[in-house]
>>> print(open('coords.txt').read())   # compact mmCIF, C-alpha atoms and all ligand atoms
# COMPACT_ATOMS: atom_id res chain seq x y z
CA MET A 189 -96.06 -204.33 64.37
CA LYS A 190 -94.92 -207.77 63.46
CA VAL A 191 -91.48 -208.62 64.80
CA ARG A 192 -89.78 -211.48 63.08
CA ASN A 193 -88.22 -214.17 65.23
CA GLY A 194 -84.85 -213.47 63.72
CA SER A 195 -84.81 -209.87 64.91
CA LYS A 196 -86.01 -210.88 68.37
CA ARG A 197 -83.08 -213.24 68.62
CA PHE A 198 -80.77 -210.52 67.33
CA ILE A 199 -81.99 -208.01 69.94
CA LYS A 200 -81.32 -210.59 72.60
CA ASP A 201 -77.82 -211.03 71.25
CA ILE A 202 -77.13 -207.32 71.29
CA ASN A 203 -78.21 -207.14 74.91
CA ARG A 204 -76.08 -210.13 75.78
CA THR A 205 -73.05 -208.66 74.04
CA GLN A 206 -73.62 -205.35 75.82
CA VAL A 207 -73.86 -207.05 79.20
CA ILE A 208 -70.71 -209.08 78.56
CA ASN A 209 -68.83 -205.96 77.50
CA GLU A 210 -70.03 -204.04 80.53
CA ILE A 211 -68.65 -206.75 82.81
CA ARG A 212 -65.43 -206.93 80.80
CA LYS A 213 -64.98 -203.17 81.18
CA ASN A 214 -65.88 -202.96 84.87
CA GLU A 215 -64.58 -205.87 86.89
CA GLY A 216 -66.65 -206.43 90.01
CA ILE A 217 -69.82 -204.72 88.80
CA SER A 218 -73.26 -205.40 90.27
CA ARG A 219 -76.39 -206.35 88.37
CA THR A 220 -77.99 -203.07 89.42
CA ASP A 221 -75.10 -201.02 88.02
CA ILE A 222 -75.16 -202.93 84.73
CA SER A 223 -78.88 -202.24 84.51
CA LYS A 224 -78.29 -198.54 85.20
CA ASN A 225 -75.36 -198.21 82.79
CA LEU A 226 -77.12 -199.96 79.92
CA LYS A 227 -80.58 -198.54 80.68
CA LEU A 228 -82.04 -202.05 80.57
CA GLY A 229 -84.55 -203.46 83.04
CA LEU A 230 -83.11 -205.34 86.03
CA SER A 231 -85.11 -208.47 85.20
CA THR A 232 -83.66 -208.55 81.67
CA ILE A 233 -80.16 -208.18 83.12
CA THR A 234 -80.79 -210.87 85.73
CA ASN A 235 -81.97 -213.31 83.06
CA ILE A 236 -79.02 -212.65 80.81
CA ILE A 237 -76.59 -213.01 83.69
CA GLU A 238 -78.10 -216.28 84.77
CA GLU A 239 -77.53 -217.54 81.24
CA LEU A 240 -73.96 -216.21 81.21
CA ILE A 241 -73.17 -217.80 84.57
CA ASN A 242 -74.54 -221.14 83.38
CA GLU A 243 -72.31 -220.89 80.32
CA GLU A 244 -69.34 -220.01 82.57
CA LEU A 245 -68.74 -216.74 80.73
CA VAL A 246 -69.34 -214.77 83.89
CA TYR A 247 -68.86 -215.68 87.57
CA GLU A 248 -69.89 -214.18 90.88
CA ILE A 249 -67.40 -212.81 93.36
CA GLY A 250 -67.82 -211.57 96.96
CA GLU A 251 -70.41 -209.10 98.09
CA ASP A 252 -70.21 -205.36 97.84
CA ILE A 253 -69.96 -203.39 101.07
CA SER A 254 -73.51 -203.16 102.32
CA THR A 255 -75.21 -199.83 101.89
CA GLY A 256 -78.12 -201.14 103.90
CA GLY A 257 -80.62 -203.64 102.69
CA ARG A 258 -79.60 -206.52 100.44
CA LYS A 259 -75.95 -206.90 99.61
CA PRO A 260 -75.36 -207.00 95.86
CA VAL A 261 -73.21 -209.81 94.51
CA LEU A 262 -70.51 -208.63 92.15
CA LEU A 263 -69.71 -210.07 88.76
CA ASN A 264 -66.53 -210.78 86.86
CA PHE A 265 -65.90 -211.82 83.30
CA ASN A 266 -64.24 -215.22 82.96
CA LYS A 267 -61.11 -214.25 81.02
CA ASN A 268 -60.17 -217.91 80.69
CA TYR A 269 -63.42 -218.89 79.03
CA GLY A 270 -61.58 -219.04 75.73
CA ASN A 271 -58.33 -218.25 73.98
CA VAL A 272 -57.21 -216.35 70.93
CA ILE A 273 -53.99 -216.45 68.97
CA GLY A 274 -52.14 -213.34 67.78
CA ILE A 275 -49.63 -213.62 64.93
CA LYS A 276 -47.05 -211.16 63.64
CA ILE A 277 -45.65 -211.94 60.21
CA GLU A 278 -42.09 -210.69 59.74
CA GLU A 279 -39.65 -210.95 56.87
CA HIS A 280 -38.02 -214.21 57.94
CA LYS A 281 -40.24 -215.50 60.71
CA ILE A 282 -43.66 -215.48 62.29
CA LEU A 283 -44.18 -214.68 65.97
CA VAL A 284 -47.18 -216.32 67.55
CA SER A 285 -48.74 -215.67 70.97
CA LEU A 286 -51.58 -217.37 72.78
CA THR A 287 -53.68 -215.14 75.03
CA ASN A 288 -56.78 -215.41 77.17
CA LEU A 289 -59.78 -213.17 76.49
CA LYS A 290 -58.24 -210.35 78.49
CA GLY A 291 -55.22 -210.22 76.22
CA GLU A 292 -52.86 -211.74 78.77
CA ILE A 293 -50.10 -213.59 76.95
CA LEU A 294 -49.89 -217.24 78.02
CA PHE A 295 -47.50 -218.77 75.51
CA ASN A 296 -45.14 -217.62 72.75
CA LEU A 297 -43.80 -219.42 69.72
CA LYS A 298 -41.52 -218.47 66.85
CA ALA A 299 -41.46 -220.20 63.46
CA ASN A 300 -38.95 -219.46 60.73
CA LEU A 301 -40.04 -218.72 57.19
CA THR A 302 -38.07 -220.05 54.27
CA GLU A 303 -35.79 -217.62 52.48
CA LYS A 304 -38.11 -217.30 49.50
CA ILE A 305 -41.72 -217.37 50.59
CA SER A 306 -44.99 -217.72 48.75
CA GLY A 307 -48.57 -217.33 49.94
CA ASN A 308 -48.84 -221.10 50.38
CA ILE A 309 -45.61 -221.39 52.35
CA LEU A 310 -46.79 -218.59 54.64
CA ILE A 311 -50.18 -220.23 55.22
CA ASP A 312 -48.61 -223.65 55.85
CA THR A 313 -46.16 -222.15 58.36
CA ILE A 314 -49.01 -220.44 60.21
CA LYS A 315 -51.10 -223.64 60.22
CA LYS A 316 -48.24 -225.66 61.70
CA ALA A 317 -47.58 -223.03 64.38
CA VAL A 318 -51.27 -222.81 65.36
CA TYR A 319 -51.56 -226.62 65.58
CA GLU A 320 -48.43 -226.67 67.73
CA ILE A 321 -49.89 -224.07 70.12
CA ILE A 322 -53.23 -225.90 70.30
CA LYS A 323 -51.44 -229.16 71.09
CA VAL A 324 -48.96 -227.88 73.64
CA ASN A 325 -51.59 -225.86 75.52
CA ASN A 326 -54.43 -228.31 75.05
CA ILE A 327 -56.90 -225.66 73.88
CA LYS A 328 -58.60 -227.49 71.03
CA ASN A 329 -62.04 -226.60 72.37
CA LYS A 330 -61.18 -223.15 73.62
CA LEU A 331 -59.77 -221.38 70.57
CA MET A 332 -62.19 -218.58 69.60
CA GLY A 333 -60.31 -216.57 67.02
CA ILE A 334 -57.03 -215.66 65.38
CA GLY A 335 -55.65 -212.18 64.64
CA ILE A 336 -52.84 -211.55 62.17
CA ALA A 337 -50.57 -208.52 61.74
CA VAL A 338 -48.73 -208.16 58.46
CA SER A 339 -46.90 -205.33 56.77
CA GLY A 340 -48.44 -204.16 53.51
CA LEU A 341 -51.84 -203.39 52.05
CA VAL A 342 -54.60 -205.47 53.64
CA ASP A 343 -58.26 -205.90 52.76
CA GLN A 344 -59.53 -206.13 56.33
CA LYS A 345 -63.06 -207.15 55.34
CA GLU A 346 -61.89 -210.12 53.29
CA GLY A 347 -58.94 -210.87 55.53
CA LYS A 348 -56.71 -210.80 52.51
CA LEU A 349 -53.16 -209.57 52.11
CA ILE A 350 -53.35 -207.63 48.85
CA TYR A 351 -49.69 -206.82 48.62
CA SER A 352 -46.61 -206.83 50.82
CA GLY A 353 -43.41 -205.24 49.55
CA LEU A 354 -41.45 -206.57 52.52
CA LEU A 355 -42.48 -210.17 51.84
CA SER A 356 -42.75 -209.85 48.03
CA ILE A 357 -46.09 -211.67 47.95
CA GLU A 358 -49.57 -210.65 46.90
CA ASN A 359 -53.20 -211.79 47.05
CA VAL A 360 -52.92 -214.17 49.98
CA GLU A 361 -56.33 -215.25 51.30
CA LEU A 362 -55.24 -215.58 54.92
CA SER A 363 -58.70 -215.51 56.54
CA LYS A 364 -60.35 -217.86 54.07
CA GLU A 365 -57.62 -220.50 54.24
CA LEU A 366 -57.19 -220.40 57.99
CA GLU A 367 -60.92 -220.22 58.80
CA ASN A 368 -61.41 -223.34 56.71
CA GLU A 369 -58.66 -225.08 58.61
CA PHE A 370 -59.51 -224.09 62.17
CA GLY A 371 -63.21 -223.21 62.07
CA VAL A 372 -62.78 -219.95 63.99
CA PRO A 373 -62.89 -216.36 62.71
CA VAL A 374 -59.54 -215.03 61.47
CA TYR A 375 -58.89 -211.28 61.25
CA VAL A 376 -56.05 -209.66 59.36
CA ASP A 377 -54.76 -206.12 59.53
CA ASN A 378 -51.75 -204.02 58.70
CA ASP A 379 -49.08 -204.39 61.38
CA VAL A 380 -48.98 -200.73 62.36
CA ASN A 381 -52.77 -200.65 62.86
CA VAL A 382 -52.44 -203.72 65.04
CA TYR A 383 -49.66 -202.09 67.06
CA SER A 384 -51.92 -199.04 67.47
CA LEU A 385 -54.65 -201.32 68.85
CA ALA A 386 -52.20 -202.58 71.47
CA GLU A 387 -51.42 -198.96 72.40
CA LEU A 388 -55.15 -198.18 72.50
CA TYR A 389 -55.98 -200.98 74.94
CA TYR A 390 -52.83 -201.41 77.00
CA GLY A 391 -50.39 -198.62 76.23
CA LYS A 392 -50.16 -194.86 76.06
CA GLY A 393 -53.39 -194.60 74.09
CA LYS A 394 -55.40 -196.10 76.93
CA ASN A 395 -56.73 -192.75 78.06
CA ARG A 396 -56.66 -190.96 74.71
CA ASP A 397 -59.45 -190.68 72.16
CA ASN A 398 -57.35 -189.33 69.32
CA PHE A 399 -53.75 -190.28 68.75
CA VAL A 400 -51.28 -191.30 66.10
CA VAL A 401 -48.70 -194.07 66.34
CA ILE A 402 -45.60 -193.72 64.18
CA THR A 403 -43.35 -196.72 63.77
CA TYR A 404 -39.87 -195.93 62.69
CA GLY A 405 -37.03 -198.06 61.40
CA THR A 406 -36.46 -199.68 57.99
CA GLY A 407 -39.70 -198.00 56.95
CA ILE A 408 -42.01 -195.44 58.45
CA GLY A 409 -45.50 -196.61 59.36
CA CYS A 410 -48.43 -194.86 60.93
CA GLY A 411 -51.64 -195.87 62.68
CA ILE A 412 -54.36 -193.25 63.08
CA VAL A 413 -56.81 -193.56 65.97
CA ILE A 414 -59.84 -191.29 65.79
CA ASP A 415 -62.48 -191.44 68.53
CA ARG A 416 -60.86 -194.65 69.82
CA LYS A 417 -61.17 -196.38 66.47
CA ILE A 418 -58.52 -197.12 63.87
CA TYR A 419 -59.07 -194.97 60.79
CA TYR A 420 -58.86 -197.16 57.70
CA GLY A 421 -59.72 -194.88 54.79
CA GLU A 422 -61.53 -196.05 51.68
CA LEU A 423 -59.20 -198.86 50.62
CA GLY A 424 -58.08 -199.88 54.09
CA GLY A 425 -54.65 -198.36 53.66
CA ALA A 426 -54.83 -195.04 55.52
CA GLY A 427 -51.66 -194.06 57.34
CA GLU A 428 -49.00 -194.24 54.64
CA PHE A 429 -47.26 -191.38 56.37
CA GLY A 430 -43.83 -192.50 55.11
CA HIS A 431 -44.94 -191.83 51.55
CA MET A 432 -45.99 -188.26 52.10
CA VAL A 433 -43.97 -186.20 49.65
CA ILE A 434 -41.66 -183.99 51.63
CA LEU A 435 -39.49 -182.77 48.76
CA PRO A 436 -41.07 -182.46 45.28
CA GLU A 437 -39.05 -184.33 42.62
CA GLY A 438 -36.73 -185.46 45.39
CA ARG A 439 -34.95 -188.72 46.08
CA MET A 440 -36.38 -191.93 44.61
CA CYS A 441 -38.42 -193.95 47.11
CA GLU A 442 -38.88 -197.73 47.19
CA CYS A 443 -42.59 -197.20 46.47
CA GLY A 444 -41.70 -195.85 43.03
CA ALA A 445 -42.50 -192.21 43.77
CA LYS A 446 -40.04 -189.39 44.38
CA GLY A 447 -39.38 -187.31 47.46
CA CYS A 448 -41.20 -189.44 50.06
CA LEU A 449 -40.45 -188.89 53.75
CA GLU A 450 -39.21 -192.47 54.03
CA ALA A 451 -36.51 -191.82 51.43
CA TYR A 452 -35.11 -189.09 53.70
CA ALA A 453 -35.76 -190.23 57.22
CA ALA A 454 -35.71 -194.04 57.44
CA GLU A 455 -32.82 -196.46 57.98
CA ASN A 456 -31.67 -196.52 54.35
CA ALA A 457 -31.35 -192.74 54.21
CA MET A 458 -29.25 -192.73 57.38
CA ARG A 459 -27.01 -195.46 56.04
CA GLN A 460 -26.55 -193.55 52.79
CA TYR A 461 -25.74 -190.32 54.62
CA ILE A 462 -23.15 -192.07 56.76
CA LEU A 463 -21.46 -193.82 53.83
CA GLU A 464 -21.26 -190.56 51.89
CA ASN A 465 -19.69 -188.69 54.77
CA ILE A 466 -17.24 -191.08 56.44
CA SER A 467 -14.26 -189.41 54.79
CA LYS A 468 -15.34 -185.97 56.04
CA TYR A 469 -15.26 -187.01 59.68
CA GLU A 470 -11.76 -187.28 60.98
CA GLY A 471 -11.08 -190.38 63.07
CA CYS A 472 -14.53 -191.81 62.31
CA LYS A 473 -14.67 -195.45 63.41
CA ILE A 474 -17.56 -196.48 61.18
CA ASN A 475 -16.52 -198.97 58.56
CA TYR A 476 -17.73 -198.98 54.93
CA ILE A 477 -18.60 -202.65 55.17
CA ASP A 478 -20.50 -202.27 58.45
CA ASN A 479 -24.07 -203.54 58.42
CA LEU A 480 -25.57 -200.19 59.30
CA THR A 481 -28.99 -201.03 60.70
CA ILE A 482 -30.72 -198.43 62.84
CA ASN A 483 -29.66 -200.37 65.94
CA ARG A 484 -26.04 -200.35 64.84
CA ILE A 485 -26.17 -196.63 64.05
CA GLU A 486 -27.63 -195.94 67.48
CA GLU A 487 -24.89 -198.02 69.04
CA TYR A 488 -22.28 -195.86 67.32
CA ALA A 489 -24.09 -192.74 68.44
CA SER A 490 -24.15 -194.02 72.03
CA ASN A 491 -20.39 -194.46 71.83
CA GLY A 492 -20.08 -190.81 70.85
CA GLU A 493 -19.50 -191.29 67.11
CA LYS A 494 -20.29 -187.83 65.72
CA LEU A 495 -21.28 -189.01 62.23
CA ALA A 496 -23.87 -191.41 63.65
CA ILE A 497 -25.24 -188.68 65.94
CA ASP A 498 -25.51 -186.30 62.97
CA ALA A 499 -27.21 -188.93 60.81
CA LEU A 500 -29.82 -189.53 63.51
CA ALA A 501 -30.36 -185.80 63.99
CA LEU A 502 -30.82 -185.29 60.26
CA SER A 503 -33.41 -188.06 60.08
CA ALA A 504 -35.11 -186.63 63.15
CA ARG A 505 -35.36 -183.29 61.35
CA TRP A 506 -37.13 -184.77 58.34
CA LEU A 507 -39.33 -186.88 60.57
CA GLY A 508 -40.09 -183.82 62.70
CA TYR A 509 -41.41 -181.88 59.71
CA GLY A 510 -43.51 -184.85 58.69
CA ILE A 511 -44.98 -185.09 62.19
CA LEU A 512 -45.62 -181.35 62.22
CA SER A 513 -47.81 -181.71 59.10
CA LEU A 514 -49.55 -184.69 60.64
CA ILE A 515 -50.36 -182.69 63.77
CA ASN A 516 -51.70 -179.77 61.74
CA LEU A 517 -53.84 -182.16 59.72
CA LEU A 518 -55.28 -184.35 62.48
CA ASN A 519 -54.89 -182.43 65.74
CA PRO A 520 -54.27 -185.58 67.80
CA ALA A 521 -53.84 -185.49 71.60
CA THR A 522 -50.66 -187.52 71.39
CA ILE A 523 -48.09 -188.78 68.93
CA ILE A 524 -46.65 -192.12 70.04
CA LEU A 525 -43.28 -192.94 68.51
CA ALA A 526 -42.35 -196.60 68.28
CA SER A 527 -38.93 -197.47 67.00
CA GLU A 528 -37.05 -200.61 66.13
CA GLY A 529 -34.05 -199.04 67.78
CA MET A 530 -34.14 -198.18 71.45
CA LYS A 531 -32.24 -194.92 71.64
CA MET A 532 -34.73 -192.72 69.83
CA GLN A 533 -35.54 -190.91 73.04
CA LYS A 534 -31.99 -189.66 73.38
CA PHE A 535 -30.91 -188.90 69.84
CA MET A 536 -34.06 -188.02 67.93
CA LEU A 537 -36.78 -186.89 70.29
CA PRO A 538 -35.28 -183.48 71.23
CA THR A 539 -34.98 -182.49 67.53
CA ILE A 540 -38.47 -183.75 66.73
CA LYS A 541 -39.97 -181.88 69.69
CA GLU A 542 -38.20 -178.67 68.72
CA ILE A 543 -39.64 -178.75 65.18
CA VAL A 544 -43.10 -179.87 66.21
CA LYS A 545 -43.36 -176.99 68.70
CA ASN A 546 -44.29 -174.71 65.81
CA ASN A 547 -47.55 -176.47 65.09
CA PHE A 548 -50.72 -174.59 64.22
CA PHE A 549 -52.21 -175.15 67.69
CA ARG A 550 -49.22 -173.83 69.65
CA LYS A 551 -51.20 -171.00 71.26
CA HIS A 552 -53.77 -173.39 72.70
CA PRO A 553 -53.25 -173.98 76.43
CA LYS A 554 -53.39 -177.74 75.91
CA GLN A 555 -50.30 -178.98 74.15
CA ILE A 556 -49.89 -182.01 71.93
CA GLU A 557 -47.67 -184.62 73.53
CA ILE A 558 -44.91 -186.51 71.74
CA VAL A 559 -44.09 -189.69 73.63
CA VAL A 560 -42.10 -192.84 73.05
CA SER A 561 -43.94 -196.16 73.13
CA GLU A 562 -43.26 -198.37 76.13
CA MET A 563 -44.96 -201.50 74.87
CA GLU A 564 -43.18 -204.82 75.40
CA ASN A 565 -41.65 -206.80 72.54
CA GLU A 566 -44.81 -208.83 72.11
CA ALA A 567 -46.90 -205.71 71.36
CA TRP A 568 -47.50 -206.81 67.77
CA GLN A 569 -48.83 -210.25 68.70
CA LEU A 570 -50.75 -208.74 71.59
CA GLY A 571 -52.34 -206.24 69.19
CA ALA A 572 -53.20 -209.06 66.77
CA ALA A 573 -54.82 -211.04 69.59
CA THR A 574 -56.67 -207.89 70.66
CA LEU A 575 -57.94 -207.45 67.11
CA ALA A 576 -59.52 -210.90 67.35
CA ILE A 577 -60.88 -210.28 70.88
CA SER A 578 -62.44 -206.93 69.96
CA LYS A 579 -64.09 -208.47 66.89
CA ILE A 580 -65.40 -211.42 68.87
CA PHE A 581 -67.15 -209.14 71.33
CA GLU A 582 -68.15 -206.58 68.75
CA LEU A 583 -70.78 -208.80 67.20
CA LYS A 584 -72.66 -211.90 68.13
CA LEU A 585 -69.84 -213.78 66.48
CA TYR A 586 -68.92 -215.57 69.66
CA GLU A 587 -72.03 -217.69 69.25
CA GLU A 588 -70.91 -218.72 65.79
CA ALA A 589 -67.37 -219.32 66.93
CA LYS A 590 -68.58 -221.64 69.65
CA LYS A 591 -70.87 -223.48 67.29
CA SER A 592 -68.10 -224.27 64.89
CA LEU A 593 -65.89 -225.84 67.53
ZN ZN B 601 -42.63 -193.65 48.86
>>> encode(input="coords.txt", output="structure tokens")
Amino acid sequence: MKVRNGSKRFIKDINRTQVINEIRKNEGISRTDISKNLKLGLSTITNIIEELINEELVYEIGEDISTGGRKPVLLNFNKNYGNVIGIKIEEHKILVSLTNLKGEILFNLKANLTEKISGNILIDTIKKAVYEIIKVNNIKNKLMGIGIAVSGLVDQKEGKLIYSGLLSIENVELSKELENEFGVPVYVDNDVNVYSLAELYYGKGKNRDNFVVITYGTGIGCGIVIDRKIYYGELGGAGEFGHMVILPEGRMCECGAKGCLEAYAAENAMRQYILENISKYEGCKINYIDNLTINRIEEYASNGEKLAIDALALSARWLGYGILSLINLLNPATIILASEGMKMQKFMLPTIKEIVKNNFFRKHPKQIEIVVSEMENEAWQLGAATLAISKIFELKLYEEAKKSL
């Protein structure tokens, strides 16, 4: 059989990528173990590793404890070989983090967005922030990729923001514009998917194959991880859990439909409930002109304000029923709740757990866990950086990225 040169080169790249990933996964691994794990001949492994050491992608560390005979030298991946940048786009600002190839955050930057933004303003703001990071950290020749997290509907393949209700912009070619500017691959995904990636690699999803992340606050978002991969659906928008209809012909939702979970359980619904009921609660200290964000409501609840406690419990009830359906549908190992407010654990979790207990699988000896996310504030940027890192090592893209520097 005739093998074209191109495919030979490709096979070599696959092997290389596999070896790199094996070393990334198992710090301090020996050549023999890589060969065993990947079922590739030791001479092939040795050649690849020599190449990787010459390129400074991999380095040797001390010797393994001798089991008799020759002592194997152990290998580590050089996490500082390159850098990636993770960006979270918010309503009024962008948050930017620089990481190494292990996802360790090295530098953070915040840039404000103008009150009224357009696609061009957003791209210009990102460009300026990336240039600033490159300059301050002197990484002009080390940047290998950029990951971006944004709320809304994203075409992941094209790296395009199709529509964002939060930002009121549509059809922004983020990848195209930024790849042209910086000459490195740029990946874009919905912010909740990106958060789920951070959970998958560094958080409570680390040892789970199937889990769901629910973000809760002004809106309700959801990232679905199946077999350790984000589930995207046909149009890239899977996980619109907040727009599951929970009451037919119910309350109007911001998405234009009626009876969505979000219209009953998110921040707006709580605010509305509180404002409608202030007069019914004697001695209630909540003011009509209060800016009732979820954080503020939780603050009131912490101070023992009954109306705020009731509003949180009511939302938790709706959310609980939504989660119950989600569990019955997907049978995940874990539901990870991530909230903009910090008191969810105290005021909402007991109600949610009580409702969810009645799931279809309740008789199974293994129970589904409901946990609260413990990721740091930078989880979104970290997830965005991780998106770029995972893509870089997924394909032979790293070659291309290096070439374009
Ligand atoms: Zn809706």
>>> residues_near_ligand(input="coords.txt", ligand="ligand ZN 601 (chain B)", cutoff="9 Å", atoms="only C-alpha atoms and all ligand atoms", output="PyMOL selection string")
chain A and resi 428+430-433+440-451
>>> axis_aligned_box(input="coords.txt", around="region 338-348 of chain A", padding_each_side="3 Å", output="JSON")
{"center_x": -55.0, "center_y": -207.1, "center_z": 55.3, "size_x": 22.2, "size_y": 13.5, "size_z": 12.4}
>>> closest_atom_pairs(input="coords.txt", of="region 564-583 of chain A", to="region 256-272 of chain A", cutoff="12 Å", atoms="only C-alpha atoms", output="CSV")
residue,atom,partner,partner_atom,distance
A:Gln569,CA,A:Val272,CA,10.6
A:Leu570,CA,A:Val272,CA,10.0
A:Gly571,CA,A:Val272,CA,11.4
A:Ala572,CA,A:Val272,CA,9.3
A:Ala573,CA,A:Val272,CA,6.0
A:Thr574,CA,A:Val272,CA,8.5
A:Leu575,CA,A:Val272,CA,9.7
A:Ala576,CA,A:Val272,CA,6.9
A:Ile577,CA,A:Val272,CA,7.1
A:Ser578,CA,A:Val272,CA,10.8
A:Lys579,CA,A:Val272,CA,11.2
A:Ile580,CA,A:Val272,CA,9.8
>>> atom_distance(input="coords.txt", atom1="CA of Tyr452 (chain A)", atom2="CA of Trp506 (chain A)")
6.7 Å
>>> residues_around(input="coords.txt", residues="Ile233 (chain A)", least_positions_apart="3", cutoff="12 Å", atoms="all atoms listed in the file", output="MDAnalysis selection string")
chainID A and resid 200 203:208 210:211 218:230 236:241
>>> closest_residue(input="coords.txt", among="A:Gly291, A:Gly274, A:Gly353, A:Gly421", to="Tyr390 (chain A)", atoms="only C-alpha atoms")
A:Gly291
>>> decode(input="coords.txt", residues="region 264-270 of chain A", atoms="all heavy atoms", output="PDB file, in the first residue's frame")
ATOM      1  N   ASN A 264       9.206  15.245  32.682  1.00  0.00           N
ATOM      2  CA  ASN A 264       8.179  16.226  33.010  1.00  0.00           C
ATOM      3  C   ASN A 264       7.874  17.091  31.796  1.00  0.00           C
ATOM      4  O   ASN A 264       8.744  17.328  30.960  1.00  0.00           O
ATOM      5  CB  ASN A 264       8.658  17.147  34.131  1.00  0.00           C
ATOM      6  CG  ASN A 264       8.043  16.761  35.462  1.00  0.00           C
ATOM      7  OD1 ASN A 264       7.258  15.811  35.533  1.00  0.00           O
ATOM      8  ND2 ASN A 264       8.400  17.488  36.499  1.00  0.00           N
ATOM      9  N   PHE A 265       6.642  17.580  31.753  1.00  0.00           N
ATOM     10  CA  PHE A 265       6.261  18.506  30.699  1.00  0.00           C
ATOM     11  C   PHE A 265       6.671  19.915  31.137  1.00  0.00           C
ATOM     12  O   PHE A 265       6.485  20.291  32.291  1.00  0.00           O
ATOM     13  CB  PHE A 265       4.750  18.429  30.481  1.00  0.00           C
ATOM     14  CG  PHE A 265       4.239  19.445  29.517  1.00  0.00           C
ATOM     15  CD1 PHE A 265       4.543  19.338  28.171  1.00  0.00           C
ATOM     16  CD2 PHE A 265       3.468  20.516  29.955  1.00  0.00           C
ATOM     17  CE1 PHE A 265       4.087  20.288  27.277  1.00  0.00           C
ATOM     18  CE2 PHE A 265       3.009  21.467  29.055  1.00  0.00           C
ATOM     19  CZ  PHE A 265       3.321  21.350  27.715  1.00  0.00           C
ATOM     20  N   ASN A 266       7.232  20.672  30.221  1.00  0.00           N
ATOM     21  CA  ASN A 266       7.631  22.037  30.540  1.00  0.00           C
ATOM     22  C   ASN A 266       6.425  22.976  30.457  1.00  0.00           C
ATOM     23  O   ASN A 266       6.092  23.474  29.394  1.00  0.00           O
ATOM     24  CB  ASN A 266       8.741  22.479  29.574  1.00  0.00           C
ATOM     25  CG  ASN A 266       9.161  23.910  29.813  1.00  0.00           C
ATOM     26  OD1 ASN A 266       8.774  24.516  30.817  1.00  0.00           O
ATOM     27  ND2 ASN A 266       9.945  24.450  28.890  1.00  0.00           N
ATOM     28  N   LYS A 267       5.797  23.200  31.605  1.00  0.00           N
ATOM     29  CA  LYS A 267       4.559  24.000  31.625  1.00  0.00           C
ATOM     30  C   LYS A 267       4.805  25.447  31.221  1.00  0.00           C
ATOM     31  O   LYS A 267       3.883  26.163  30.857  1.00  0.00           O
ATOM     32  CB  LYS A 267       3.914  23.931  33.012  1.00  0.00           C
ATOM     33  CG  LYS A 267       4.771  24.535  34.115  1.00  0.00           C
ATOM     34  CD  LYS A 267       4.159  24.339  35.469  1.00  0.00           C
ATOM     35  CE  LYS A 267       5.063  24.979  36.525  1.00  0.00           C
ATOM     36  NZ  LYS A 267       4.626  24.729  37.885  1.00  0.00           N
ATOM     37  N   ASN A 268       6.060  25.870  31.283  1.00  0.00           N
ATOM     38  CA  ASN A 268       6.371  27.258  30.914  1.00  0.00           C
ATOM     39  C   ASN A 268       6.900  27.391  29.496  1.00  0.00           C
ATOM     40  O   ASN A 268       7.463  28.415  29.124  1.00  0.00           O
ATOM     41  CB  ASN A 268       7.354  27.851  31.922  1.00  0.00           C
ATOM     42  CG  ASN A 268       6.741  27.915  33.305  1.00  0.00           C
ATOM     43  OD1 ASN A 268       5.581  28.335  33.450  1.00  0.00           O
ATOM     44  ND2 ASN A 268       7.460  27.466  34.309  1.00  0.00           N
ATOM     45  N   TYR A 269       6.700  26.339  28.710  1.00  0.00           N
ATOM     46  CA  TYR A 269       7.113  26.382  27.311  1.00  0.00           C
ATOM     47  C   TYR A 269       6.392  27.511  26.571  1.00  0.00           C
ATOM     48  O   TYR A 269       6.947  28.171  25.704  1.00  0.00           O
ATOM     49  CB  TYR A 269       6.787  25.042  26.647  1.00  0.00           C
ATOM     50  CG  TYR A 269       7.054  24.999  25.169  1.00  0.00           C
ATOM     51  CD1 TYR A 269       8.348  24.771  24.690  1.00  0.00           C
ATOM     52  CD2 TYR A 269       6.032  25.205  24.240  1.00  0.00           C
ATOM     53  CE1 TYR A 269       8.609  24.741  23.331  1.00  0.00           C
ATOM     54  CE2 TYR A 269       6.288  25.175  22.887  1.00  0.00           C
ATOM     55  CZ  TYR A 269       7.574  24.940  22.434  1.00  0.00           C
ATOM     56  OH  TYR A 269       7.833  24.915  21.088  1.00  0.00           O
ATOM     57  N   GLY A 270       5.138  27.694  26.917  1.00  0.00           N
ATOM     58  CA  GLY A 270       4.348  28.734  26.264  1.00  0.00           C
ATOM     59  C   GLY A 270       3.287  29.273  27.208  1.00  0.00           C
ATOM     60  O   GLY A 270       3.178  28.836  28.351  1.00  0.00           O
TER      61      GLY A 270
END
